[in-house]
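Notes for the one structure printed next.
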Amino acid sequence: MARQMNAINQAMLYLEIIRRIPRHRFISTIEIQNSLRASGIEVPILTLQRYLKQLYDSGNLPIERDDREKPYCYRMGTDSSPFPFTNLSAQEALMLRLIEANLHYQLPGKLNKAMEPFFEAARQTLSETQGRVTRENQWLNKVAVVSNTLPQIPPNVKPRIFEAVSNALFENKKLKLTYHNAEGAEKTKVVTPLGLVQQDIRLYLVCRFDGYSDIRHLALHRLTDAELLDVMAFSDRAFNIRKYVQEHHFNYTNEDTKKILLTLEFTSNTTALNLKEAPFNRTQKLQKLPNGHYLLTVEIEDTLLLDGWINTWKASSGIIRIEKTPIHNQ
């Protein structure tokens, strides 16, 4: 029975290796090993190379090998894959392409690596270079996400940094980080990760430094090293990243931020319509005055983000009165 189970386990490992060999591009043994590791499967590199050689030499699979230099690289050489998971429908491929494009930094590094064979299959299914121009493929050119901020090139985040940070969050483990602060000074800290926030083009790790109780924000592009420690982080069940972001407006407030009653009087019908369709919050009240102007009142935090919004729309909205009345806690 033990011998039979070993044979089954080896066969399953062969399947896991084969499903990671893409079509139309070569993949290295290191990439396959990393993908297996991301799924919790540890295979020594020499063992993996031996298995790949056996699969290639068998002649039973359409595997091609690039042996111009070592280590060798492999790919599936035909459009017909031996496994149905790569034979995606156009709708499935479209869904995976949208996930890859829009959720890349919201998936843990291990999950991103484990999903890579599916992303590769989706890219090939919708590849225009393969002559398959479909409605699903064209859909990718018919949707876009527009930011309210000025366009900027995203700062570079090293893949190994993102992988370590996201995996620490996923596994609830501590991190040892080396980073440069805003003044350029290099620091090394052990932190408990609490959340990952994408703000426009920047990624921030929300965390607590060991020995401190306050919450810090570290920009991932300023991290020069990130080591996932084999130390469980204290789980703060009271902390909720969505609530934290909502209450702090993230990087636009400080400890002295106050809640105010904002009063705006303005003349623009378009601004009134926009604020009626998408109010600031549930405390907002909007009324039309006898003189044709509009009066808005809302309880809101007095932030740089609010001042920026007012300054941006002041002229086009015809804002003629701005009042900020502090709200004192009862």
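A note on labels: chains of the structure tokens are A, B, ... as shown, every chain counts residues from 1, and ligands are counted from 1 in their shown order.
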
Enumerate, as a ChimeraX atom specification, the complete set of residues in segment 114-315 of chain A that a backbone-based DSSP assignment places in strand (DSSP E). /A:173-180,186-199,202-209,216-219,223-232,259-266,285-288,294-301

Would you pick out the contacts of Leu175 of chain A at 6 Å or less, using only C-alpha atoms, so that residues sharing its chain but fewer than 3 positions from it are not included, and give the list as a ChimeraX atom specification? /A:190-191,227-229

Same residues, all heavy atoms, saved as a tab-separated table (two decimals), in the first residue's frame:
chain	number	residue	atom	x	y	z
A	190	VAL	N	11.41	45.53	12.95
A	190	VAL	CA	10.52	44.37	12.93
A	190	VAL	C	9.10	44.88	13.15
A	190	VAL	O	8.86	45.67	14.08
A	190	VAL	CB	10.90	43.36	14.03
A	190	VAL	CG1	9.86	42.23	14.10
A	190	VAL	CG2	12.28	42.78	13.74
A	191	VAL	N	8.19	44.47	12.28
A	191	VAL	CA	6.84	45.04	12.33
A	191	VAL	C	5.79	43.94	12.32
A	191	VAL	O	6.03	42.82	11.85
A	191	VAL	CB	6.58	46.00	11.14
A	191	VAL	CG1	7.67	47.05	11.05
A	191	VAL	CG2	6.46	45.23	9.83
A	227	GLU	N	11.99	40.67	4.94
A	227	GLU	CA	12.19	39.27	5.32
A	227	GLU	C	10.99	38.77	6.10
A	227	GLU	O	10.61	39.34	7.13
A	227	GLU	CB	13.46	39.12	6.16
A	227	GLU	CG	13.74	37.69	6.60
A	227	GLU	CD	14.92	37.59	7.54
A	227	GLU	OE1	15.62	38.61	7.73
A	227	GLU	OE2	15.13	36.49	8.10
A	228	LEU	N	10.37	37.72	5.59
A	228	LEU	CA	9.25	37.09	6.28
A	228	LEU	C	9.78	36.25	7.42
A	228	LEU	O	10.54	35.29	7.21
A	228	LEU	CB	8.45	36.22	5.29
A	228	LEU	CG	7.28	35.43	5.86
A	228	LEU	CD1	6.22	36.35	6.44
A	228	LEU	CD2	6.67	34.54	4.78
A	229	LEU	N	9.44	36.63	8.65
A	229	LEU	CA	9.93	35.93	9.82
A	229	LEU	C	9.01	34.77	10.19
A	229	LEU	O	7.80	34.83	9.97
A	229	LEU	CB	10.03	36.89	11.01
A	229	LEU	CG	10.94	38.11	10.81
A	229	LEU	CD1	10.91	38.99	12.06
A	229	LEU	CD2	12.37	37.69	10.48

note - atom CA of Gln284 of chain A and atom CA of Leu306 of chain A are separated by 14.4 Å

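Shortest atom-to-atom contact with Ser316 of chain A among A:Leu205, A:Thr270, A:Leu55, A:Leu48: A:Thr270, counting only C-alpha atoms.
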
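Close contacts of Thr29 of chain A, defined as residues with an atom at most 10 Å away when counting only C-alpha atoms, with chain neighbours fewer than 5 positions off set aside, comprise A:Ile17, A:Ile21, A:Asn34, A:Ser35, A:Ile45, A:Leu46, A:Leu48, A:Gln49, A:Leu52, A:Pro71, A:Tyr72, A:Cys73, A:Tyr74.
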
Can you tell me, as number ranges by chain, what residues are no more than 10 Å from Arg222 of chain A when counting only C-alpha atoms, ignoring any on the same chain fewer than 5 positions away? A: 155-158, 178-182, 184, 186, 204

Selection file, C-alpha atoms, as a compact mmCIF listing (two decimals), in the first residue's frame:
# COMPACT_ATOMS: atom_id res chain seq x y z
CA PRO A 155 7.02 54.06 -8.28
CA ASN A 156 8.88 50.79 -8.60
CA VAL A 157 7.97 48.08 -6.08
CA LYS A 158 10.33 45.10 -6.19
CA THR A 178 14.76 47.81 5.83
CA TYR A 179 13.53 51.07 4.36
CA HIS A 180 14.36 54.70 3.69
CA ASN A 181 12.13 57.26 5.34
CA ALA A 182 11.02 60.52 3.71
CA GLY A 184 16.35 59.46 3.21
CA GLU A 186 17.85 54.03 6.38
CA TYR A 204 1.42 51.36 1.66

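Between atom CA of His24 of chain A and atom CA of Glu116 of chain A lies a distance of 14.3 Å.
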
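Proximity to Glu171 of chain A was assessed for A:Glu64, A:Glu92, A:Asp230, A:Glu42 counting only C-alpha atoms; the smallest distance is recorded for A:Asp230.
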
Taking only C-alpha atoms into account, name the residue in A:Asn311, A:Gln246, A:Asn112, A:Asn148 that is nearest to Asn281 of chain A. A:Gln246

Can you tell me which residues surround Asn102 of chain A at a distance of at most 12 Å, considering only C-alpha atoms, apart from same-chain residues fewer than 4 positions away, and format the answer as JSON, numbers by chain? {"A": [95, 96, 97, 98, 106, 107, 140, 143, 144, 145, 198]}

Write out the residues from the selection above, keeping all heavy atoms, as an mmCIF file, in the first residue's frame.
data_model
loop_
_atom_site.group_PDB
_atom_site.id
_atom_site.type_symbol
_atom_site.label_atom_id
_atom_site.label_comp_id
_atom_site.auth_asym_id
_atom_site.auth_seq_id
_atom_site.Cartn_x
_atom_site.Cartn_y
_atom_site.Cartn_z
ATOM 1 N N MET A 95 -12.492 37.178 -17.648
ATOM 2 C CA MET A 95 -12.572 37.385 -16.206
ATOM 3 C C MET A 95 -11.181 37.327 -15.574
ATOM 4 O O MET A 95 -10.812 38.182 -14.746
ATOM 5 C CB MET A 95 -13.476 36.332 -15.571
ATOM 6 C CG MET A 95 -13.586 36.442 -14.054
ATOM 7 S SD MET A 95 -14.488 35.063 -13.307
ATOM 8 C CE MET A 95 -13.354 33.708 -13.643
ATOM 9 N N LEU A 96 -10.363 36.350 -15.977
ATOM 10 C CA LEU A 96 -9.021 36.214 -15.420
ATOM 11 C C LEU A 96 -8.130 37.387 -15.810
ATOM 12 O O LEU A 96 -7.306 37.855 -15.013
ATOM 13 C CB LEU A 96 -8.395 34.903 -15.883
ATOM 14 C CG LEU A 96 -8.924 33.643 -15.186
ATOM 15 C CD1 LEU A 96 -8.479 32.394 -15.925
ATOM 16 C CD2 LEU A 96 -8.450 33.586 -13.736
ATOM 17 N N ARG A 97 -8.263 37.895 -17.027
ATOM 18 C CA ARG A 97 -7.456 39.041 -17.463
ATOM 19 C C ARG A 97 -7.825 40.281 -16.654
ATOM 20 O O ARG A 97 -6.951 41.078 -16.281
ATOM 21 C CB ARG A 97 -7.653 39.305 -18.955
ATOM 22 C CG ARG A 97 -7.010 38.294 -19.859
ATOM 23 C CD ARG A 97 -5.484 38.410 -19.861
ATOM 24 N NE ARG A 97 -5.052 39.612 -20.551
ATOM 25 C CZ ARG A 97 -4.419 40.630 -20.006
ATOM 26 N NH1 ARG A 97 -4.138 40.596 -18.699
ATOM 27 N NH2 ARG A 97 -4.065 41.683 -20.697
ATOM 28 N N LEU A 98 -9.111 40.460 -16.368
ATOM 29 C CA LEU A 98 -9.533 41.613 -15.564
ATOM 30 C C LEU A 98 -9.029 41.481 -14.124
ATOM 31 O O LEU A 98 -8.623 42.467 -13.504
ATOM 32 C CB LEU A 98 -11.061 41.746 -15.593
ATOM 33 C CG LEU A 98 -11.660 42.151 -16.940
ATOM 34 C CD1 LEU A 98 -13.181 42.072 -16.890
ATOM 35 C CD2 LEU A 98 -11.220 43.559 -17.333
ATOM 36 N N GLN A 106 -3.727 43.281 -4.832
ATOM 37 C CA GLN A 106 -4.658 42.962 -3.756
ATOM 38 C C GLN A 106 -4.719 41.460 -3.492
ATOM 39 O O GLN A 106 -5.506 41.008 -2.667
ATOM 40 C CB GLN A 106 -6.049 43.520 -4.091
ATOM 41 C CG GLN A 106 -6.050 45.039 -4.208
ATOM 42 C CD GLN A 106 -7.418 45.592 -4.539
ATOM 43 O OE1 GLN A 106 -8.421 45.092 -4.078
ATOM 44 N NE2 GLN A 106 -7.455 46.637 -5.346
ATOM 45 N N LEU A 107 -3.889 40.706 -4.200
ATOM 46 C CA LEU A 107 -3.778 39.273 -3.966
ATOM 47 C C LEU A 107 -2.440 38.993 -3.301
ATOM 48 O O LEU A 107 -1.434 39.607 -3.645
ATOM 49 C CB LEU A 107 -3.857 38.496 -5.295
ATOM 50 C CG LEU A 107 -5.166 38.578 -6.073
ATOM 51 C CD1 LEU A 107 -5.018 37.833 -7.399
ATOM 52 C CD2 LEU A 107 -6.326 38.014 -5.278
ATOM 53 N N LEU A 140 -11.594 44.332 -23.619
ATOM 54 C CA LEU A 140 -10.487 44.900 -22.858
ATOM 55 C C LEU A 140 -10.134 46.298 -23.334
ATOM 56 O O LEU A 140 -9.559 47.093 -22.583
ATOM 57 C CB LEU A 140 -9.259 43.985 -22.965
ATOM 58 C CG LEU A 140 -9.405 42.600 -22.335
ATOM 59 C CD1 LEU A 140 -8.192 41.747 -22.655
ATOM 60 C CD2 LEU A 140 -9.604 42.712 -20.831
ATOM 61 N N VAL A 143 -13.113 49.233 -21.824
ATOM 62 C CA VAL A 143 -13.298 49.617 -20.432
ATOM 63 C C VAL A 143 -12.016 50.242 -19.919
ATOM 64 O O VAL A 143 -10.918 49.892 -20.352
ATOM 65 C CB VAL A 143 -13.687 48.407 -19.541
ATOM 66 C CG1 VAL A 143 -15.063 47.882 -19.903
ATOM 67 C CG2 VAL A 143 -12.645 47.301 -19.653
ATOM 68 N N ALA A 144 -12.167 51.195 -19.003
ATOM 69 C CA ALA A 144 -11.005 51.876 -18.433
ATOM 70 C C ALA A 144 -11.354 52.398 -17.052
ATOM 71 O O ALA A 144 -12.517 52.629 -16.729
ATOM 72 C CB ALA A 144 -10.552 53.027 -19.336
ATOM 73 N N VAL A 145 -10.330 52.563 -16.223
ATOM 74 C CA VAL A 145 -10.474 53.159 -14.899
ATOM 75 C C VAL A 145 -9.778 54.512 -14.928
ATOM 76 O O VAL A 145 -8.610 54.610 -15.317
ATOM 77 C CB VAL A 145 -9.847 52.274 -13.806
ATOM 78 C CG1 VAL A 145 -9.936 52.955 -12.451
ATOM 79 C CG2 VAL A 145 -10.543 50.917 -13.769
ATOM 80 N N GLN A 198 -3.713 50.445 -1.338
ATOM 81 C CA GLN A 198 -3.311 51.055 -2.602
ATOM 82 C C GLN A 198 -4.006 52.401 -2.720
ATOM 83 O O GLN A 198 -5.232 52.470 -2.756
ATOM 84 C CB GLN A 198 -3.667 50.173 -3.794
ATOM 85 C CG GLN A 198 -3.211 50.770 -5.116
ATOM 86 C CD GLN A 198 -3.367 49.812 -6.288
ATOM 87 O OE1 GLN A 198 -3.690 48.633 -6.101
ATOM 88 N NE2 GLN A 198 -3.153 50.302 -7.491
#

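Taking only C-alpha atoms into account, Ile300 of chain A lies nearest to A:Leu261 out of the set A:Ile241, A:Leu194, A:Ala272, A:Leu261.
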
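Going from atom CA of Ile260 of chain A over to atom CA of Glu323 of chain A, you cover 9.4 Å.
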
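Of the listed residues A:Phe119, A:Phe162, A:Tyr212, A:Phe234, the one whose atoms come nearest to Arg20 of chain A is A:Phe119, with distances taken using only C-alpha atoms.
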
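In this comparison, which uses only C-alpha atoms, the residue of A:Ile153, A:Ala90, A:Ala238, A:Ile201 approaching Leu126 of chain A most closely is A:Ala90.
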
Can you pull out the residues contacting Thr192 of chain A? Cut-off 6 Å, using only C-alpha atoms, and skip same-chain residues under 3 positions away; I want them as a PyMOL selection string. chain A and resi 174+207-208+233

Save the residues we just selected, C-alpha atoms, as a compact mmCIF listing (two decimals), in the first residue's frame?
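Written out: again-v7.txt:
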# COMPACT_ATOMS: atom_id res chain seq x y z
CA LYS A 174 5.96 39.39 11.39
CA CYS A 207 1.76 48.19 10.47
CA ARG A 208 2.94 48.48 14.07
CA ALA A 233 2.11 38.29 14.64

DSSP says alpha helix (DSSP H) for which residues of segment 55-253 of chain A? Put them as number ranges by chain? A: 55-58, 90-102, 109-125, 135-139, 159-171, 241-248
